[in-house]
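Everything below concerns the one structure shown next.
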Amino acid sequence: MALTLKKEIAENSFLLFWEIKEDLETLINSLVRFGYTPDELDPIAEFKNDQRKSEWLATRVLASDFFCEKTLIHYDDFGKPFLTNGYNISISHTKELVVVALSATSIIGIDTEVVSDKIGRVALKFLHKTELENIDIEKDILKLYLHWCAKEALYKVYGKKNLNFIDNLKIDPIEDNKGYFTGHIISNNENKSYQMQYFDYKGYLVVWTSK
C-alpha cells in the first residue's frame with residue numbers, strides 16, 4: 001500500500017497522502033479485506049474511467065487504513081462527505097495523488113493541484129477584480145493556484161452550494177513564502193475570515209483550512 005505521508009496539522013487533525021500505484025484489483029481487494037461488501041463497492045461502476053475509480057477506491061482504503069477498520073464515506077444532501085465515527089473529512093485528488101483531511105475537532109476543507117502554467121487561461125473565471133490587482137496572470141502562477149485551491153477549500157468548509165467563486169470567496173494579498181494567508185467567505189449566511197495554510201508536496205500544491 002502507498003500511504004506516503006501522514007501530517008498532523010493540529011490536535012486530532014491529520015492530512016493523509018496516498019500516491020496511487022496499485023491497479024484496480026489490488027485496491028478492491030484491499031477494501032474487501034477491510035470488510036467492504038459487493039453492494040458497498042457498487043458506486044465504482046458509475047465512473048467511466050479507471051482513474052476516477054482508482055481515486056474513489058484509494059480514498060476509502062486510506063480512511064480505513066487510518067482507522068484500522070472498514071470506514072464508509074457518506075454524502076449529505078449538498079454532496080459534502082461525512083463519516084459516522086466523530087471525525088470530519090475532506091477529500092481532494094489530482095493525477096495519481098489522493099489527499100484526505102481528517103479532524104475530530106474541526107470542520108476542514110482541503111484542495112490539491114499540480115502546478116502548471118495552464119491556470120492563467122481560466123483566472124478570470126474565479127478571481128475578483130480586487131484580487132487581479134495583486135496578481136500578474138502571466139507570471140504569478142503559484143499565487144493563481146493558491147487562490148484557486150484556497151477557494152476550493154473554503155467552498156468545502158462552507159459545505160453548501162450556491163457560492164460564487166468570484167463574489168463570495170475572497171483572498172487577501174498573499175505574501176511570498178509565508179505558508180499561510182487569509183481567505184473569506186462572504187454570503188447571506190456567513191461573513192467569516194479563515195487562515196489558509198499551504199505547502200508543496202512533490203510538485204503538488206496543498207491548501208487547507210478549518211473552522
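Just remember, in the C-alpha cells the first chain shown is A, the second B, etc., residues are 1-based per chain, and ligands are 1-based in the order shown.
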Q.
I need the strand (DSSP E or B) residues of range 13-211 of chain A per DSSP on the backbone, written as a VMD selection string.
A. chain A and resid 13 to 19 74 to 75 81 to 82 88 to 94 97 to 103 108 to 114 169 to 171 180 to 186 191 to 201 204 to 210
Residues from last step as file, C-alpha atoms, as a PDB file, in the first residue's frame:
```
ATOM      1  CA  SER A  13      -6.326  16.634  12.871  1.00  0.00           C
ATOM      2  CA  PHE A  14      -4.363  14.976  10.074  1.00  0.00           C
ATOM      3  CA  LEU A  15      -3.555  15.146   6.384  1.00  0.00           C
ATOM      4  CA  LEU A  16      -3.100  11.747   4.738  1.00  0.00           C
ATOM      5  CA  PHE A  17      -1.411  11.346   1.357  1.00  0.00           C
ATOM      6  CA  TRP A  18      -1.722   8.348  -0.934  1.00  0.00           C
ATOM      7  CA  GLU A  19       0.154   8.047  -4.221  1.00  0.00           C
ATOM      8  CA  HIS A  74     -21.233   9.083   3.177  1.00  0.00           C
ATOM      9  CA  TYR A  75     -22.505  12.250   1.474  1.00  0.00           C
ATOM     10  CA  PRO A  81     -18.627  13.857   2.538  1.00  0.00           C
ATOM     11  CA  PHE A  82     -19.020  12.782   6.155  1.00  0.00           C
ATOM     12  CA  ASN A  88     -14.837  15.377   9.917  1.00  0.00           C
ATOM     13  CA  ILE A  89     -13.430  14.603   6.469  1.00  0.00           C
ATOM     14  CA  SER A  90     -12.424  16.498   3.349  1.00  0.00           C
ATOM     15  CA  ILE A  91     -11.110  14.891   0.157  1.00  0.00           C
ATOM     16  CA  SER A  92      -9.054  16.062  -2.800  1.00  0.00           C
ATOM     17  CA  HIS A  93      -7.395  14.186  -5.635  1.00  0.00           C
ATOM     18  CA  THR A  94      -5.488  15.018  -8.777  1.00  0.00           C
ATOM     19  CA  LEU A  97      -2.472  11.649  -5.633  1.00  0.00           C
ATOM     20  CA  VAL A  98      -5.286  11.404  -3.110  1.00  0.00           C
ATOM     21  CA  VAL A  99      -5.279  13.632  -0.031  1.00  0.00           C
ATOM     22  CA  VAL A 100      -7.688  13.102   2.848  1.00  0.00           C
ATOM     23  CA  ALA A 101      -8.023  15.593   5.697  1.00  0.00           C
ATOM     24  CA  LEU A 102      -9.446  14.237   8.948  1.00  0.00           C
ATOM     25  CA  SER A 103     -10.259  16.121  12.129  1.00  0.00           C
ATOM     26  CA  ILE A 108     -11.918  21.034   7.499  1.00  0.00           C
ATOM     27  CA  GLY A 109     -11.538  21.751   3.795  1.00  0.00           C
ATOM     28  CA  ILE A 110      -8.634  20.808   1.540  1.00  0.00           C
ATOM     29  CA  ASP A 111      -7.638  21.045  -2.095  1.00  0.00           C
ATOM     30  CA  THR A 112      -4.597  19.911  -4.070  1.00  0.00           C
ATOM     31  CA  GLU A 113      -3.484  20.624  -7.622  1.00  0.00           C
ATOM     32  CA  VAL A 114      -0.483  20.004  -9.845  1.00  0.00           C
ATOM     33  CA  LEU A 169     -14.907  33.765  -1.824  1.00  0.00           C
ATOM     34  CA  LYS A 170     -12.182  36.383  -1.384  1.00  0.00           C
ATOM     35  CA  ILE A 171      -8.452  36.008  -0.776  1.00  0.00           C
ATOM     36  CA  TYR A 180      -0.303  30.919   5.236  1.00  0.00           C
ATOM     37  CA  PHE A 181      -2.678  33.727   4.226  1.00  0.00           C
ATOM     38  CA  THR A 182      -6.271  34.837   4.836  1.00  0.00           C
ATOM     39  CA  GLY A 183      -9.422  33.892   2.979  1.00  0.00           C
ATOM     40  CA  HIS A 184     -13.032  34.976   3.436  1.00  0.00           C
ATOM     41  CA  ILE A 185     -16.477  33.519   2.900  1.00  0.00           C
ATOM     42  CA  ILE A 186     -18.939  36.328   2.201  1.00  0.00           C
ATOM     43  CA  ASN A 191     -19.266  36.520   6.690  1.00  0.00           C
ATOM     44  CA  LYS A 192     -16.146  34.996   8.164  1.00  0.00           C
ATOM     45  CA  SER A 193     -12.365  35.019   7.765  1.00  0.00           C
ATOM     46  CA  TYR A 194     -10.195  31.901   7.661  1.00  0.00           C
ATOM     47  CA  GLN A 195      -6.494  31.222   7.933  1.00  0.00           C
ATOM     48  CA  MET A 196      -5.416  29.262   4.888  1.00  0.00           C
ATOM     49  CA  GLN A 197      -2.305  27.087   5.142  1.00  0.00           C
ATOM     50  CA  TYR A 198      -0.328  25.501   2.337  1.00  0.00           C
ATOM     51  CA  PHE A 199       2.799  23.613   1.350  1.00  0.00           C
ATOM     52  CA  ASP A 200       4.338  21.852  -1.614  1.00  0.00           C
ATOM     53  CA  TYR A 201       4.253  18.065  -1.755  1.00  0.00           C
ATOM     54  CA  TYR A 204       1.528  19.190  -5.782  1.00  0.00           C
ATOM     55  CA  LEU A 205       0.217  22.322  -4.086  1.00  0.00           C
ATOM     56  CA  VAL A 206      -1.825  21.509  -0.967  1.00  0.00           C
ATOM     57  CA  VAL A 207      -4.057  24.147   0.679  1.00  0.00           C
ATOM     58  CA  TRP A 208      -6.338  23.644   3.660  1.00  0.00           C
ATOM     59  CA  THR A 209      -8.352  25.496   6.272  1.00  0.00           C
ATOM     60  CA  SER A 210     -10.734  24.684   9.107  1.00  0.00           C
TER      61      SER A 210
END
```
Q. Do you have the CA of Trp56 in chain A-CA of Tyr36 in chain A distance handy?
A. 13.3 Å
**Q.** Those in range 12-99 of chain A with alpha helix (DSSP H) from DSSP, as a PyMOL selection string
**A.** chain A and resi 24-34+38-41+50-67
Writer output for current selection, N, CA and C atoms, as a short mmCIF file (atom, residue, chain, number, x, y, z; two decimals), in the first residue's frame:
```
data_model
loop_
_atom_site.label_atom_id
_atom_site.label_comp_id
_atom_site.auth_asym_id
_atom_site.auth_seq_id
_atom_site.Cartn_x
_atom_site.Cartn_y
_atom_site.Cartn_z
N LEU A 24 -6.65 -1.50 -10.13
CA LEU A 24 -7.99 -1.54 -9.55
C LEU A 24 -8.23 -2.79 -8.71
N GLU A 25 -7.76 -3.92 -9.21
CA GLU A 25 -8.00 -5.18 -8.49
C GLU A 25 -7.35 -5.16 -7.11
N THR A 26 -6.15 -4.62 -7.03
CA THR A 26 -5.46 -4.55 -5.74
C THR A 26 -6.22 -3.65 -4.77
N LEU A 27 -6.71 -2.51 -5.24
CA LEU A 27 -7.45 -1.59 -4.39
C LEU A 27 -8.77 -2.21 -3.93
N ILE A 28 -9.45 -2.88 -4.85
CA ILE A 28 -10.71 -3.55 -4.49
C ILE A 28 -10.45 -4.63 -3.44
N ASN A 29 -9.43 -5.43 -3.64
CA ASN A 29 -9.11 -6.48 -2.67
C ASN A 29 -8.77 -5.91 -1.30
N SER A 30 -8.14 -4.76 -1.28
CA SER A 30 -7.82 -4.11 0.00
C SER A 30 -9.09 -3.75 0.76
N LEU A 31 -10.09 -3.22 0.03
CA LEU A 31 -11.34 -2.87 0.69
C LEU A 31 -12.11 -4.11 1.12
N VAL A 32 -12.05 -5.15 0.32
CA VAL A 32 -12.70 -6.41 0.71
C VAL A 32 -12.10 -6.94 2.00
N ARG A 33 -10.79 -6.83 2.15
CA ARG A 33 -10.15 -7.28 3.39
C ARG A 33 -10.60 -6.45 4.59
N PHE A 34 -10.95 -5.19 4.35
CA PHE A 34 -11.47 -4.37 5.45
C PHE A 34 -12.94 -4.67 5.74
N PRO A 38 -19.93 -6.37 -1.71
CA PRO A 38 -20.13 -6.01 -3.13
C PRO A 38 -21.04 -4.81 -3.30
N ASP A 39 -22.10 -4.71 -2.50
CA ASP A 39 -23.00 -3.56 -2.60
C ASP A 39 -22.29 -2.26 -2.28
N GLU A 40 -21.40 -2.29 -1.31
CA GLU A 40 -20.67 -1.08 -0.91
C GLU A 40 -19.62 -0.67 -1.94
N LEU A 41 -19.27 -1.59 -2.82
CA LEU A 41 -18.32 -1.30 -3.90
C LEU A 41 -19.02 -0.91 -5.21
N ASP A 50 -10.87 4.65 -15.43
CA ASP A 50 -10.20 3.93 -14.34
C ASP A 50 -9.55 4.87 -13.33
N GLN A 51 -9.16 6.06 -13.76
CA GLN A 51 -8.55 6.99 -12.81
C GLN A 51 -9.54 7.38 -11.72
N ARG A 52 -10.76 7.71 -12.09
CA ARG A 52 -11.77 8.08 -11.09
C ARG A 52 -12.11 6.89 -10.21
N LYS A 53 -12.15 5.69 -10.78
CA LYS A 53 -12.38 4.51 -9.97
C LYS A 53 -11.27 4.32 -8.95
N SER A 54 -10.02 4.50 -9.39
CA SER A 54 -8.88 4.35 -8.50
C SER A 54 -8.92 5.38 -7.38
N GLU A 55 -9.29 6.62 -7.71
CA GLU A 55 -9.38 7.67 -6.69
C GLU A 55 -10.44 7.34 -5.64
N TRP A 56 -11.59 6.88 -6.10
CA TRP A 56 -12.67 6.51 -5.18
C TRP A 56 -12.21 5.38 -4.25
N LEU A 57 -11.61 4.37 -4.82
CA LEU A 57 -11.16 3.23 -4.03
C LEU A 57 -10.04 3.62 -3.07
N ALA A 58 -9.04 4.34 -3.58
CA ALA A 58 -7.89 4.68 -2.74
C ALA A 58 -8.29 5.57 -1.58
N THR A 59 -9.25 6.45 -1.78
CA THR A 59 -9.73 7.30 -0.69
C THR A 59 -10.27 6.46 0.46
N ARG A 60 -11.00 5.42 0.13
CA ARG A 60 -11.60 4.58 1.16
C ARG A 60 -10.59 3.62 1.79
N VAL A 61 -9.63 3.17 1.00
CA VAL A 61 -8.55 2.38 1.59
C VAL A 61 -7.76 3.24 2.57
N LEU A 62 -7.50 4.47 2.19
CA LEU A 62 -6.73 5.38 3.04
C LEU A 62 -7.45 5.63 4.37
N ALA A 63 -8.75 5.92 4.30
CA ALA A 63 -9.52 6.17 5.52
C ALA A 63 -9.60 4.90 6.39
N SER A 64 -9.84 3.77 5.76
CA SER A 64 -9.95 2.52 6.51
C SER A 64 -8.61 2.15 7.14
N ASP A 65 -7.53 2.40 6.41
CA ASP A 65 -6.21 2.13 6.94
C ASP A 65 -5.90 3.02 8.15
N PHE A 66 -6.31 4.28 8.09
CA PHE A 66 -6.08 5.20 9.20
C PHE A 66 -6.82 4.75 10.46
N PHE A 67 -8.06 4.34 10.30
CA PHE A 67 -8.88 3.95 11.46
C PHE A 67 -8.75 2.46 11.80
#
```
Q) Nearest to Tyr155 in chain A: which of A:Ile107, A:Ile9, A:Leu124, A:Leu83 is it, counting only C-alpha atoms? A) A:Ile107
Q.
When you look at range 128-145 of chain A with a cut-off of 8 Å (counting only C-alpha atoms), what residues show up, excluding the ones that are within fewer than 6 positions of it in the same chain? I need them as an MDAnalysis selection string.
A. chainID A and resid 113 115:117 119:120 166:167 170:174 205
